[in-house]
Structures are given as C-alpha cells and as structure tokens.
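This is data_4.txt. It holds compact mmCIF, C-alpha atoms and all ligand atoms.
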# COMPACT_ATOMS: atom_id res chain seq x y z
CA MET A 272 -21.81 1.24 -1.44
CA LEU A 273 -19.44 -0.94 0.54
CA GLU A 274 -16.89 -0.20 -2.14
CA SER A 275 -17.00 3.54 -1.56
CA LEU A 276 -16.95 3.05 2.16
CA VAL A 277 -13.90 0.92 1.89
CA LYS A 278 -12.15 3.50 -0.23
CA ARG A 279 -13.02 6.26 2.15
CA THR A 280 -11.72 4.64 5.28
CA GLY A 281 -8.91 2.55 3.94
CA ILE A 282 -10.19 -0.36 5.97
CA LEU A 283 -9.74 -2.84 3.17
CA LEU A 284 -6.18 -1.80 2.50
CA ALA A 285 -5.24 -1.89 6.11
CA SER A 286 -6.83 -5.22 6.82
CA LEU A 287 -5.44 -6.90 3.76
CA SER A 288 -2.00 -5.72 4.64
CA LEU A 289 -2.55 -7.19 8.09
CA ALA A 290 -3.70 -10.43 6.61
CA LEU A 291 -0.54 -10.50 4.56
CA GLY A 292 1.53 -10.16 7.67
CA ALA A 293 1.98 -7.45 10.22
CA ALA A 294 5.73 -7.69 10.00
CA ILE A 295 5.73 -4.55 7.92
CA VAL A 296 4.72 -2.35 10.78
CA GLY A 297 6.08 -1.13 14.02
CA CYS A 298 9.72 -2.05 13.68
CA GLU A 299 11.33 1.30 14.34
CA ASN A 300 12.51 2.65 17.64
CA LYS A 301 13.24 -0.75 19.12
CA GLU A 302 16.36 0.21 20.99
CA SER A 303 15.73 3.83 21.87
CA GLY A 304 15.74 4.53 25.56
CA LYS A 305 12.66 6.66 25.75
CA ALA A 306 9.23 5.42 25.03
CA PRO A 307 8.57 5.60 21.31
CA ALA A 308 5.27 6.73 19.96
CA PRO A 309 3.11 3.69 19.37
CA SER A 310 3.01 2.55 15.78
CA LYS A 311 -0.24 3.15 14.08
CA VAL A 312 -1.12 0.27 11.89
CA THR A 313 -4.21 1.33 10.07
CA GLU A 314 -6.07 3.97 8.24
CA LYS A 315 -3.65 5.22 5.70
CA PRO A 316 -6.36 6.72 3.54
CA ALA A 317 -6.92 4.87 0.31
CA PRO A 318 -5.76 6.69 -2.80
CA LYS A 319 -8.31 9.07 -4.19
CA SER A 320 -8.04 7.65 -7.70
CA ASP A 321 -10.30 4.88 -8.82
CA ALA A 322 -7.43 2.46 -9.07
CA PRO A 323 -8.33 -0.90 -7.59
CA ALA A 324 -7.08 -1.46 -4.09
CA ASN A 325 -3.75 -3.22 -4.27
CA PRO A 326 -2.88 -4.70 -0.91
CA GLU A 327 0.77 -5.05 -1.79
CA ALA A 328 0.97 -1.32 -2.26
CA ALA A 329 -0.56 -0.64 1.13
CA PRO A 330 1.67 1.85 2.84
CA ALA A 331 2.89 0.87 6.27
CA GLY A 332 3.78 2.89 9.30
CA GLU A 333 2.74 6.30 10.44
CA SER A 334 0.02 8.28 8.87
CA ALA A 335 -1.59 11.53 9.87
CA PRO A 336 -3.73 11.04 12.97
CA ALA A 337 -7.31 10.43 12.10
CA SER A 338 -9.58 13.06 13.47
CA ALA A 339 -13.24 12.81 14.20
CA SER A 340 -15.14 14.54 11.49
CA ALA A 341 -18.80 15.35 11.76
CA ASP A 342 -19.73 12.05 10.17
CA THR A 343 -17.36 9.62 11.89
CA ILE A 344 -17.03 8.23 15.40
CA LEU A 345 -13.54 7.09 16.37
CA ILE A 346 -12.88 3.92 18.29
CA GLY A 347 -9.42 2.91 19.47
CA HIS A 348 -7.78 -0.49 19.64
CA PHE A 349 -4.44 -1.26 21.30
CA ALA A 350 -2.98 -4.61 20.46
CA SER A 351 0.10 -6.78 20.06
CA MET A 352 0.22 -6.59 16.26
CA THR A 353 3.89 -7.63 16.42
CA GLY A 354 6.05 -9.40 18.99
CA LYS A 355 5.82 -12.88 20.41
CA GLU A 356 2.07 -12.67 21.00
CA ALA A 357 1.41 -11.15 17.56
CA THR A 358 -1.45 -13.46 16.61
CA PHE A 359 -3.39 -12.18 19.64
CA GLY A 360 -3.46 -8.64 18.29
CA GLN A 361 -3.86 -9.58 14.65
CA SER A 362 -6.80 -11.92 15.20
CA THR A 363 -8.54 -9.50 17.55
CA ASP A 364 -8.09 -6.63 15.12
CA GLN A 365 -9.58 -8.63 12.28
CA GLY A 366 -12.57 -9.61 14.41
CA ILE A 367 -13.15 -5.98 15.38
CA ARG A 368 -12.77 -4.79 11.80
CA LEU A 369 -15.27 -7.30 10.51
CA ALA A 370 -17.83 -6.07 13.06
CA ILE A 371 -17.19 -2.42 12.26
CA GLU A 372 -17.47 -2.97 8.54
CA GLU A 373 -20.80 -4.72 9.07
CA ILE A 374 -22.04 -1.95 11.34
CA ASN A 375 -21.05 0.70 8.80
CA ALA A 376 -22.56 -1.21 5.89
CA ALA A 377 -25.81 -1.28 7.88
CA GLY A 378 -25.73 2.50 8.28
CA GLY A 379 -23.48 3.07 11.29
CA LEU A 380 -24.76 4.95 14.32
CA ASN A 381 -27.45 7.48 13.40
CA GLY A 382 -25.86 7.97 10.03
CA LYS A 383 -22.32 8.28 11.38
CA LYS A 384 -19.70 5.73 10.41
CA LEU A 385 -17.44 4.12 12.98
CA GLU A 386 -13.74 4.34 12.31
CA LEU A 387 -11.15 2.16 14.00
CA ILE A 388 -7.65 3.30 14.92
CA THR A 389 -5.27 0.53 15.97
CA TYR A 390 -1.91 1.01 17.64
CA ASP A 391 0.64 -1.75 17.99
CA ASP A 392 1.84 -2.12 21.58
CA LYS A 393 4.25 -4.92 20.61
CA GLY A 394 3.13 -6.91 23.62
CA GLU A 395 4.87 -4.52 26.02
CA SER A 396 3.14 -2.85 28.92
CA GLN A 397 4.76 0.56 28.60
CA GLU A 398 3.75 0.65 24.95
CA ALA A 399 0.24 -0.37 25.94
CA GLY A 400 -0.03 2.62 28.28
CA ASN A 401 1.37 4.94 25.59
CA ALA A 402 -1.03 3.62 23.00
CA VAL A 403 -4.08 4.23 25.18
CA THR A 404 -2.84 7.70 26.12
CA ARG A 405 -2.44 8.60 22.49
CA LEU A 406 -5.79 7.18 21.44
CA ILE A 407 -7.55 9.20 24.10
CA THR A 408 -5.61 12.46 24.19
CA LYS A 409 -4.60 12.87 20.54
CA ASP A 410 -7.12 10.93 18.52
CA LYS A 411 -9.97 11.56 20.94
CA VAL A 412 -11.59 8.17 20.58
CA VAL A 413 -14.94 7.67 22.34
CA ALA A 414 -13.95 4.21 23.61
CA VAL A 415 -11.02 1.84 23.63
CA LEU A 416 -10.98 -1.87 22.78
CA GLY A 417 -8.14 -4.08 24.08
CA GLU A 418 -5.99 -5.71 25.21
CA VAL A 419 -5.69 -9.47 25.09
CA ALA A 420 -2.92 -10.09 27.61
CA SER A 421 -4.11 -9.23 31.11
CA GLY A 422 -0.90 -7.42 32.07
CA LEU A 423 -1.35 -5.07 29.11
CA SER A 424 -5.03 -4.49 29.87
CA ILE A 425 -4.06 -3.61 33.43
CA ALA A 426 -1.53 -1.07 32.09
CA GLY A 427 -3.84 0.40 29.43
CA GLY A 428 -6.85 0.31 31.73
CA ALA A 429 -5.10 2.59 34.23
CA VAL A 430 -4.98 5.26 31.54
CA ALA A 431 -8.57 4.75 30.35
CA GLN A 432 -9.75 4.98 33.96
CA GLU A 433 -7.78 8.14 34.66
CA LYS A 434 -9.03 9.83 31.49
CA GLY A 435 -12.61 8.71 31.96
CA VAL A 436 -12.95 6.90 28.64
CA PRO A 437 -14.57 3.45 28.62
CA MET A 438 -12.45 0.46 27.70
CA ILE A 439 -13.63 -3.05 26.87
CA SER A 440 -11.15 -5.89 26.94
CA PRO A 441 -12.30 -8.65 24.62
CA SER A 442 -10.27 -11.38 26.25
CA SER A 443 -8.25 -10.49 29.36
CA THR A 444 -9.22 -12.90 32.10
CA ASN A 445 -7.28 -11.77 35.18
CA PRO A 446 -9.70 -10.32 37.79
CA GLU A 447 -7.50 -7.27 38.39
CA VAL A 448 -8.22 -5.88 34.92
CA THR A 449 -11.61 -4.47 35.91
CA GLN A 450 -11.19 -4.26 39.71
CA GLY A 451 -11.74 -0.77 41.09
CA ARG A 452 -12.06 0.65 37.57
CA ASP A 453 -15.54 1.71 36.69
CA MET A 454 -14.48 2.60 33.14
CA VAL A 455 -13.09 -0.86 32.37
CA PHE A 456 -15.17 -3.83 31.19
CA ARG A 457 -14.64 -7.21 29.59
CA VAL A 458 -16.79 -9.55 27.48
CA CYS A 459 -15.09 -12.78 28.62
CA PHE A 460 -15.08 -14.92 31.75
CA ILE A 461 -12.40 -14.52 34.42
CA ASP A 462 -9.62 -16.78 35.70
CA PRO A 463 -11.14 -17.93 38.98
CA PHE A 464 -13.64 -19.69 36.71
CA GLN A 465 -11.08 -20.75 34.11
CA GLY A 466 -8.88 -22.27 36.84
CA PHE A 467 -11.89 -24.21 38.07
CA VAL A 468 -12.68 -25.40 34.54
CA VAL A 469 -9.23 -26.88 33.91
CA ALA A 470 -9.05 -28.38 37.40
CA LYS A 471 -12.44 -30.01 36.94
CA PHE A 472 -11.50 -31.42 33.57
CA ALA A 473 -8.17 -32.75 34.89
CA SER A 474 -9.83 -34.32 37.88
CA ASP A 475 -13.19 -35.58 36.53
CA THR A 476 -12.37 -36.43 32.93
CA LEU A 477 -8.65 -37.20 32.87
CA LYS A 478 -8.83 -38.68 36.37
CA ALA A 479 -5.51 -36.99 37.14
CA LYS A 480 -4.44 -37.22 40.77
CA LYS A 481 -1.01 -35.61 40.57
CA VAL A 482 -0.46 -32.53 38.46
CA ALA A 483 2.68 -30.41 38.00
CA VAL A 484 2.50 -26.71 37.17
CA LEU A 485 4.85 -24.67 34.97
CA TYR A 486 3.92 -20.98 34.81
CA ASP A 487 5.21 -17.62 33.62
CA GLN A 488 6.13 -15.61 36.70
CA LYS A 489 6.29 -12.40 34.63
CA ALA A 490 2.71 -12.52 33.31
CA ALA A 491 -0.19 -11.47 35.55
CA TYR A 492 -2.40 -13.85 33.60
CA SER A 493 -0.20 -16.87 34.16
CA VAL A 494 0.42 -16.23 37.86
CA GLY A 495 -3.29 -15.72 38.51
CA LEU A 496 -4.42 -18.76 36.58
CA ARG A 497 -1.82 -20.96 38.28
CA ASP A 498 -3.08 -19.84 41.70
CA GLU A 499 -6.69 -20.52 40.78
CA PHE A 500 -5.90 -23.92 39.31
CA LYS A 501 -3.94 -24.98 42.40
CA THR A 502 -6.75 -23.92 44.73
CA HIS A 503 -9.45 -25.75 42.79
CA PHE A 504 -7.45 -28.87 41.97
CA THR A 505 -6.42 -29.44 45.58
CA ALA A 506 -9.99 -28.75 46.75
CA MET A 507 -11.07 -31.53 44.37
CA GLY A 508 -8.68 -33.91 46.13
CA GLY A 509 -5.73 -33.66 43.73
CA THR A 510 -2.09 -33.00 44.58
CA ILE A 511 0.27 -30.46 43.04
CA VAL A 512 3.52 -32.42 42.77
CA ALA A 513 5.71 -29.65 41.32
CA ASP A 514 5.30 -25.89 40.92
CA GLU A 515 7.91 -24.47 38.57
CA ALA A 516 8.30 -21.02 37.02
CA PHE A 517 9.77 -19.48 33.88
CA SER A 518 9.85 -15.94 32.53
CA GLY A 519 8.12 -14.90 29.32
CA GLY A 520 10.75 -14.79 26.57
CA ASP A 521 12.72 -17.77 27.96
CA LEU A 522 13.78 -20.35 25.40
CA GLU A 523 15.19 -23.00 27.66
CA PHE A 524 13.03 -24.97 30.07
CA SER A 525 15.08 -28.07 30.72
CA ALA A 526 15.82 -27.48 34.40
CA GLN A 527 12.12 -27.05 35.24
CA LEU A 528 11.14 -29.97 33.04
CA SER A 529 13.56 -32.35 34.70
CA THR A 530 12.23 -31.40 38.14
CA ILE A 531 8.71 -31.97 36.84
CA ARG A 532 9.57 -35.30 35.29
CA ALA A 533 11.08 -36.52 38.55
CA ALA A 534 7.80 -35.71 40.31
CA ARG A 535 5.95 -38.20 38.04
CA PRO A 536 2.81 -36.16 37.37
CA ASP A 537 -0.27 -37.47 35.54
CA ALA A 538 -0.47 -34.17 33.64
CA VAL A 539 1.31 -30.79 33.53
CA PHE A 540 -0.63 -27.52 33.71
CA VAL A 541 1.10 -24.78 31.69
CA PRO A 542 -0.87 -21.52 31.95
CA GLY A 543 1.24 -19.58 29.44
CA TYR A 544 1.03 -17.97 26.02
CA TYR A 545 1.41 -19.99 22.84
CA THR A 546 5.03 -19.21 21.97
CA GLU A 547 6.48 -20.52 25.23
CA VAL A 548 3.92 -23.31 25.43
CA GLY A 549 4.93 -24.58 21.98
CA ASN A 550 8.59 -24.61 23.00
CA ILE A 551 7.82 -26.20 26.35
CA ALA A 552 5.89 -28.99 24.64
CA GLN A 553 8.82 -29.72 22.32
CA GLN A 554 11.32 -29.76 25.15
CA ALA A 555 9.07 -31.80 27.43
CA ARG A 556 8.84 -34.61 24.87
CA LYS A 557 12.61 -34.54 24.32
CA ALA A 558 13.06 -34.80 28.07
CA GLY A 559 10.90 -37.92 28.10
CA LEU A 560 7.91 -36.26 29.73
CA ASN A 561 5.02 -37.75 27.79
CA VAL A 562 1.92 -36.98 29.87
CA PRO A 563 -0.69 -34.54 28.52
CA LEU A 564 -0.04 -30.84 28.91
CA LEU A 565 -3.02 -28.73 29.95
CA GLY A 566 -3.51 -25.03 29.47
CA GLY A 567 -5.82 -22.06 29.38
CA ASP A 568 -6.94 -19.63 26.69
CA GLY A 569 -3.39 -18.25 26.32
CA TRP A 570 -2.64 -21.26 24.11
CA ASP A 571 -5.12 -20.08 21.50
CA SER A 572 -3.20 -19.34 18.31
CA GLU A 573 -2.71 -21.05 15.00
CA GLN A 574 0.97 -20.71 15.85
CA LEU A 575 0.66 -23.17 18.74
CA ALA A 576 0.75 -26.13 16.36
CA SER A 577 3.46 -24.58 14.17
CA ILE A 578 5.74 -24.15 17.16
CA GLY A 579 4.69 -27.19 19.16
CA GLY A 580 4.40 -29.62 16.23
CA ASP A 581 3.63 -33.19 17.21
CA ALA A 582 4.62 -32.47 20.79
CA ILE A 583 1.39 -30.57 21.38
CA GLU A 584 -0.90 -33.24 19.87
CA GLY A 585 -3.37 -34.68 22.33
CA CYS A 586 -2.98 -31.79 24.77
CA PHE A 587 -5.99 -29.88 26.13
CA TYR A 588 -6.82 -26.28 26.91
CA SER A 589 -9.78 -24.24 27.99
CA ASN A 590 -11.07 -21.51 25.71
CA HIS A 591 -13.93 -19.13 24.96
CA TYR A 592 -15.18 -20.89 21.86
CA ALA A 593 -14.28 -23.73 19.51
CA PRO A 594 -14.65 -23.30 15.76
CA ASP A 595 -16.08 -26.80 15.38
CA GLN A 596 -18.70 -26.25 18.06
CA GLU A 597 -22.39 -26.40 17.16
CA GLY A 598 -24.30 -23.17 16.80
CA ASP A 599 -25.71 -20.93 14.08
CA ALA A 600 -23.98 -17.77 15.29
CA ILE A 601 -20.65 -19.57 15.19
CA ARG A 602 -21.21 -21.02 11.69
CA THR A 603 -22.24 -17.62 10.28
CA PHE A 604 -19.29 -15.88 11.89
CA ILE A 605 -16.79 -18.42 10.57
CA ALA A 606 -18.19 -18.08 7.04
CA LYS A 607 -18.09 -14.27 7.08
CA TYR A 608 -14.62 -14.17 8.59
CA GLY A 609 -13.26 -16.71 6.11
CA ASP A 610 -14.59 -14.73 3.15
CA ARG A 611 -13.42 -11.41 4.46
CA PHE A 612 -9.87 -12.47 5.28
CA LYS A 613 -9.36 -15.02 2.52
CA ARG A 614 -5.66 -15.67 1.97
CA ALA A 615 -3.84 -14.94 -1.26
CA ASP A 616 -3.93 -18.66 -2.12
CA GLY A 617 -7.71 -18.70 -1.77
CA THR A 618 -7.86 -20.63 1.50
CA LYS A 619 -10.02 -19.25 4.26
CA PRO A 620 -8.63 -18.66 7.74
CA ILE A 621 -10.57 -20.14 10.62
CA PRO A 622 -11.10 -17.51 13.30
CA ASP A 623 -9.62 -18.27 16.70
CA GLY A 624 -11.23 -17.31 20.00
CA LEU A 625 -9.61 -13.89 19.89
CA ALA A 626 -11.18 -13.00 16.57
CA ALA A 627 -14.56 -14.08 17.94
CA LEU A 628 -14.11 -12.08 21.15
CA GLY A 629 -12.88 -9.01 19.24
CA TYR A 630 -16.00 -9.21 17.08
CA ASP A 631 -18.23 -9.56 20.15
CA ALA A 632 -16.50 -6.71 22.00
CA ALA A 633 -17.03 -4.35 19.07
CA TYR A 634 -20.71 -5.27 18.88
CA VAL A 635 -21.22 -4.93 22.63
CA LEU A 636 -19.72 -1.45 22.40
CA PHE A 637 -21.94 -0.57 19.45
CA ASP A 638 -25.00 -1.91 21.24
CA ALA A 639 -24.17 0.32 24.22
CA MET A 640 -23.55 3.32 21.96
CA LYS A 641 -27.04 2.91 20.54
CA ARG A 642 -28.59 2.89 24.03
CA SER A 643 -26.38 5.59 25.55
CA LYS A 644 -27.66 9.12 26.26
CA SER A 645 -24.46 10.51 24.75
CA LEU A 646 -21.03 9.30 23.72
CA GLY A 647 -19.45 10.97 26.75
CA GLY A 648 -17.39 8.60 28.90
CA LYS A 649 -19.79 8.46 31.86
CA ASP A 650 -22.92 7.87 29.80
CA LEU A 651 -21.24 5.30 27.60
CA ALA A 652 -19.80 3.42 30.58
CA LYS A 653 -23.27 3.33 32.11
CA ALA A 654 -24.74 1.87 28.94
CA ILE A 655 -22.00 -0.76 28.69
CA ALA A 656 -22.61 -1.71 32.33
CA GLN A 657 -26.27 -2.33 31.46
CA THR A 658 -25.49 -4.90 28.76
CA LYS A 659 -27.85 -7.85 29.24
CA SER A 660 -28.03 -11.14 27.37
CA TYR A 661 -26.31 -9.79 24.28
CA LYS A 662 -26.16 -12.76 21.90
CA GLY A 663 -22.54 -12.94 20.80
CA VAL A 664 -20.57 -15.53 18.85
CA THR A 665 -18.92 -16.54 22.13
CA GLY A 666 -22.22 -16.90 23.97
CA SER A 667 -24.67 -14.72 25.80
CA ILE A 668 -23.00 -11.65 27.31
CA THR A 669 -24.30 -9.98 30.45
CA ILE A 670 -22.02 -7.50 32.20
CA ASP A 671 -22.12 -8.19 35.94
CA LYS A 672 -21.56 -5.82 38.85
CA ASN A 673 -17.80 -6.29 38.59
CA ARG A 674 -17.94 -5.30 34.89
CA ASP A 675 -17.08 -8.85 33.86
CA ALA A 676 -19.07 -11.34 31.77
CA VAL A 677 -20.21 -14.65 33.18
CA LYS A 678 -20.01 -17.28 30.43
CA SER A 679 -19.34 -20.93 29.88
CA ALA A 680 -15.93 -22.22 28.76
CA VAL A 681 -15.02 -24.98 26.35
CA ILE A 682 -12.25 -27.54 26.53
CA VAL A 683 -10.51 -28.28 23.26
CA LYS A 684 -8.03 -30.98 22.33
CA MET A 685 -5.19 -30.50 19.85
CA LYS A 686 -5.81 -32.98 17.04
CA GLY A 687 -4.08 -32.88 13.67
CA GLY A 688 -2.73 -29.45 14.57
CA LYS A 689 -6.20 -28.02 15.27
CA PRO A 690 -8.13 -27.34 18.44
CA THR A 691 -11.15 -29.62 18.44
CA TYR A 692 -14.16 -29.32 20.68
CA VAL A 693 -14.33 -31.70 23.64
CA THR A 694 -16.84 -30.30 26.13
CA THR A 695 -18.50 -27.20 27.56
CA ILE A 696 -18.23 -26.31 31.24
CA GLU A 697 -20.86 -23.97 32.68
CA PRO A 698 -20.16 -21.46 35.42
CA PRO A 699 -21.31 -22.72 38.84
CA LYS A 700 -24.78 -21.40 39.76
CA GLU A 701 -24.65 -18.87 42.58
N1 LIG B 1 -6.89 -14.52 28.83
C1 LIG B 1 -5.55 -14.17 28.42
C2 LIG B 1 -5.01 -13.11 29.38
O1 LIG B 1 -5.74 -12.59 30.13
C3 LIG B 1 -5.50 -13.68 27.01
C4 LIG B 1 -6.06 -14.59 25.95
C5 LIG B 1 -7.43 -14.75 25.79
C6 LIG B 1 -5.22 -15.29 25.10
C7 LIG B 1 -7.95 -15.59 24.81
C8 LIG B 1 -5.73 -16.13 24.13
C9 LIG B 1 -7.11 -16.29 23.99
O2 LIG B 1 -3.86 -12.77 29.39
Exercise: express the given structure as structure tokens:
Amino acid sequence: MLESLVKRTGILLASLSLALGAAIVGCENKESGKAPAPSKVTEKPAPKSDAPANPEAAPAGESAPASASADTILIGHFASMTGKEATFGQSTDQGIRLAIEEINAAGGLNGKKLELITYDDKGESQEAGNAVTRLITKDKVVAVLGEVASGLSIAGGAVAQEKGVPMISPSSTNPEVTQGRDMVFRVCFIDPFQGFVVAKFASDTLKAKKVAVLYDQKAAYSVGLRDEFKTHFTAMGGTIVADEAFSGGDLEFSAQLSTIRAARPDAVFVPGYYTEVGNIAQQARKAGLNVPLLGGDGWDSEQLASIGGDAIEGCFYSNHYAPDQEGDAIRTFIAKYGDRFKRADGTKPIPDGLAALGYDAAYVLFDAMKRSKSLGGKDLAKAIAQTKSYKGVTGSITIDKNRDAVKSAVIVKMKGGKPTYVTTIEPPKE
C-alpha cells in the first residue's frame, strides 16, 4: 500500500535524492539578471514500470508542474534547499515529507492524498517571493509551508497574504513575520522570548556580567534577536561591552573580533546562522578570544560542528527542541525519522530542530484542514487560527491572537560535536 503510494507520488525518489545531497538541484540561472523561475526539487513522477526505485537515477531539476487532480490536495513548501543555509531547507523538507507520508498512509484527508511541492529559494529573498507566487498562482496549492529564515518568510508571506492563501512558517522567529498578516502563522516561539531566554541563561547560569554582541546586520532575524537580547540582558543588570556587526556571506571577522577581545567580555552573543557562526568561532579562538559563544536557534545545523570544529565546543544556544531531551513524542519521532532517512552507509540521521518543526507544521496544517469548513484560504486560515494544545514533537502548540505559538525553549551545549540538552526555559506567565 505504502509502496504503491510511493510510486505514484515519487516521494521516495525525491526524498532519497535529497538525502543524498541537494547539490544536484537548482544550480542553473545563477548569474542571469532577471529573476529565474524557482527550481522545483520534487515530484518527478516515479517510472511507471515496476523497477525498484533507484535513488541514484532520480532525475533532478524541472518537471511538469503538478496539478491538483480530484484525488490529491497540493501543499507548497519554499525552502533553502541549496545555498549557505541549505541544511535549514533540507531538514525542514524531510520533516514535512515524513508527516505527509504518514498522513497519506493513514488515508489522507477524506480519501484524498496530500502532495507536497517544494521549490528551492536558495536562501534569497527574491527567490522566496517568486517561489510562493508560483506555488499559489501556477500550482494552486491550498497552503504554503515555509520559510526558516525570517527575512525569507517576510518576503514569501507578503505574497501569501496578498493572494489570500494561508502560510505557516515552521521556524521563523522574528515578530514581523506574522504582524499585520492574517494569512500568516507560525508554530514556533518568537524572538522577544528567545532573546530573554539567552539573556537569562547568560545572567543566571553563566553568571556573565559583561557580554559582547556580534550580529548579522543583513538578516532580520539577527538584528531582531540582538535587540531583544540587549534589552533583556541590560534589564537583568548586565552590560553590553561591544556591539559589532557583520554581513551574511562575510568570511573575515578579525576586525570585529579584535574589538570584542579588547572589551574583555565574559561571553559573546552571536545571533547568526550556522555557516558564519562556525567561521566566527574558528577565528575567535585564533584571535585568542576563549570565552563561550552564545547563540540562538540559527545555529541549529549538523554543519555547525563541521565548520566550527573544536572552536564551537562548550558553546551554548537556545533552540526549539533537543534530540536528547526526555519525552515519548521526541523518541518516537527520532526513531521514525532515522529509519525513513537512513543514510547509504546504514547510519541514521538525528533530526535537528528544523526537521521537528517542519513535521509539526505539516501536522498543524493537516489538523486545521480536517476542522476547516472548506480548503478555501479564509476558512483554512480560520481553522489554523483556532489551533489549541496540538501535541507536537516540539511541545504543545496553541496559536495565539498574533498567529504565533507560545512555547518553551531549550538551551543546548555543544559537546563532542553534538548539541546536548542543558535546560528548558518556560515563557513568562502573563
Ligand atoms: N529562527 C530563525 C529565523 O527566524 C530560523 C531558524 C529556526 C534556524 C530554527 C534554525 C533553527 O531566521
């Protein structure tokens, strides 16, 4: 049964090819001046023959647009499947796919199967807007999932709002993502809380008095989280001894790091994404800056340790979940994910927070679809808005009046190249 489903939708082929590396997709059109069509990364239909699925033969690149047939419901996903935040898109997509496969194996929605269409936005905001436009106007998806990076959710969300199609970001934490947009939701906490969480940990647990900040002035996420951290840390009696900026894509951080070193901080807060954070950690240690680095969810990638190496050991960041945390839902999810995306060498990947949030976002959408009067944008948005105490892998999800979720955060410590659970911080009671 699952077998025939897999053949029909090509999900297995597409996901295995993703697991093998997304480098095969979305490489054309890099230098062209006008906006290229977003690269579709999934759903090349599986061959009709009964030949066993061979992931290596999975065709990459464009395929005919999927169209909603009487027995399928299309859902869109826009994601950084390539680029310097590629693990964000890849992990999220796998989490979403796992959920959709489970939903379909259990019968789908009133007998209709869900079908996912993913476009690679390469981590660029113009591409993100294009991807959402195409999902809505050409493919006619009923809802959109994405993005991870707040700046890209802000860009894609503008389109979803204008077209009246609901969008759920699994993991964008900047408040602006959902502000003034009644079609846009998220299943994660927001940065005013995350900034508080890291400030509280720095102050109460690390007993840090002087903290330096090094943030990405080009990323809405980073700018917002830096502001929130500064506000909370100073309110807790701490001092910000340096406040330095870089731009996403930079490779060289020595000028900022020497200013920071001269300020003699107890810790350095780096609210960035994993690629720059890994490089910053390396360069900080070379520059003789040996205090712990602290970060937010943007650090969450298995690539953090590959890039940061020993330099990132002992550093802390806040996140949505920790794989070594207690909890039945977490254990079950990790087991299913590991089996589903087993590597060629037989080892099982451990899902990061993005995979868990992608999985939860897909289920929250499905839950709303089941309750909704129709799959029209207005009805579906109303049903999503009414989500209450949905038990996800990343905790209980209730959508509040701002279309955000209020949830606890965890602090993890990098140990032996892996994020390991330290503590949970609950949102302040109102
Ligand atoms: N919260 C980040 C943002 O808004 C994205 C992110 C979430 C990255 C979770 C990693 C893990 O940009």
query = A:Gly519, A:Gly598, A:Gly509, A:Gly559: which is nearest Arg532 of chain A, counting all atoms listed in the file?
reply = A:Gly559
message = Excluding Ile344 of chain A and its own-chain neighbours fewer than 2 positions away, which residues fall within 10 Å of it when counting only C-alpha atoms? Please give them as a PyMOL selection string.
response = chain A and resi 338-342+346+379-380+383-387+411-414+646
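Minimum distance to ligand LIG 1 (chain B) across A:Gly508, A:Gly354, A:Pro698, A:Pro446 (counting all atoms listed in the file) occurs at A:Pro446.
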Environment of ligand LIG 1 (chain B) within 9 Å, counting all atoms listed in the file, reported as a ChimeraX atom specification = /A:356,359,418-424,441-446,448,459-462,490-493,543-545,567-572,590-591,623-625,628
ask   = Rounded to one decimal in Å, what is the spacing between atom CA of His348 of chain A and atom CA of Arg405 of chain A?
value = 10.9 Å
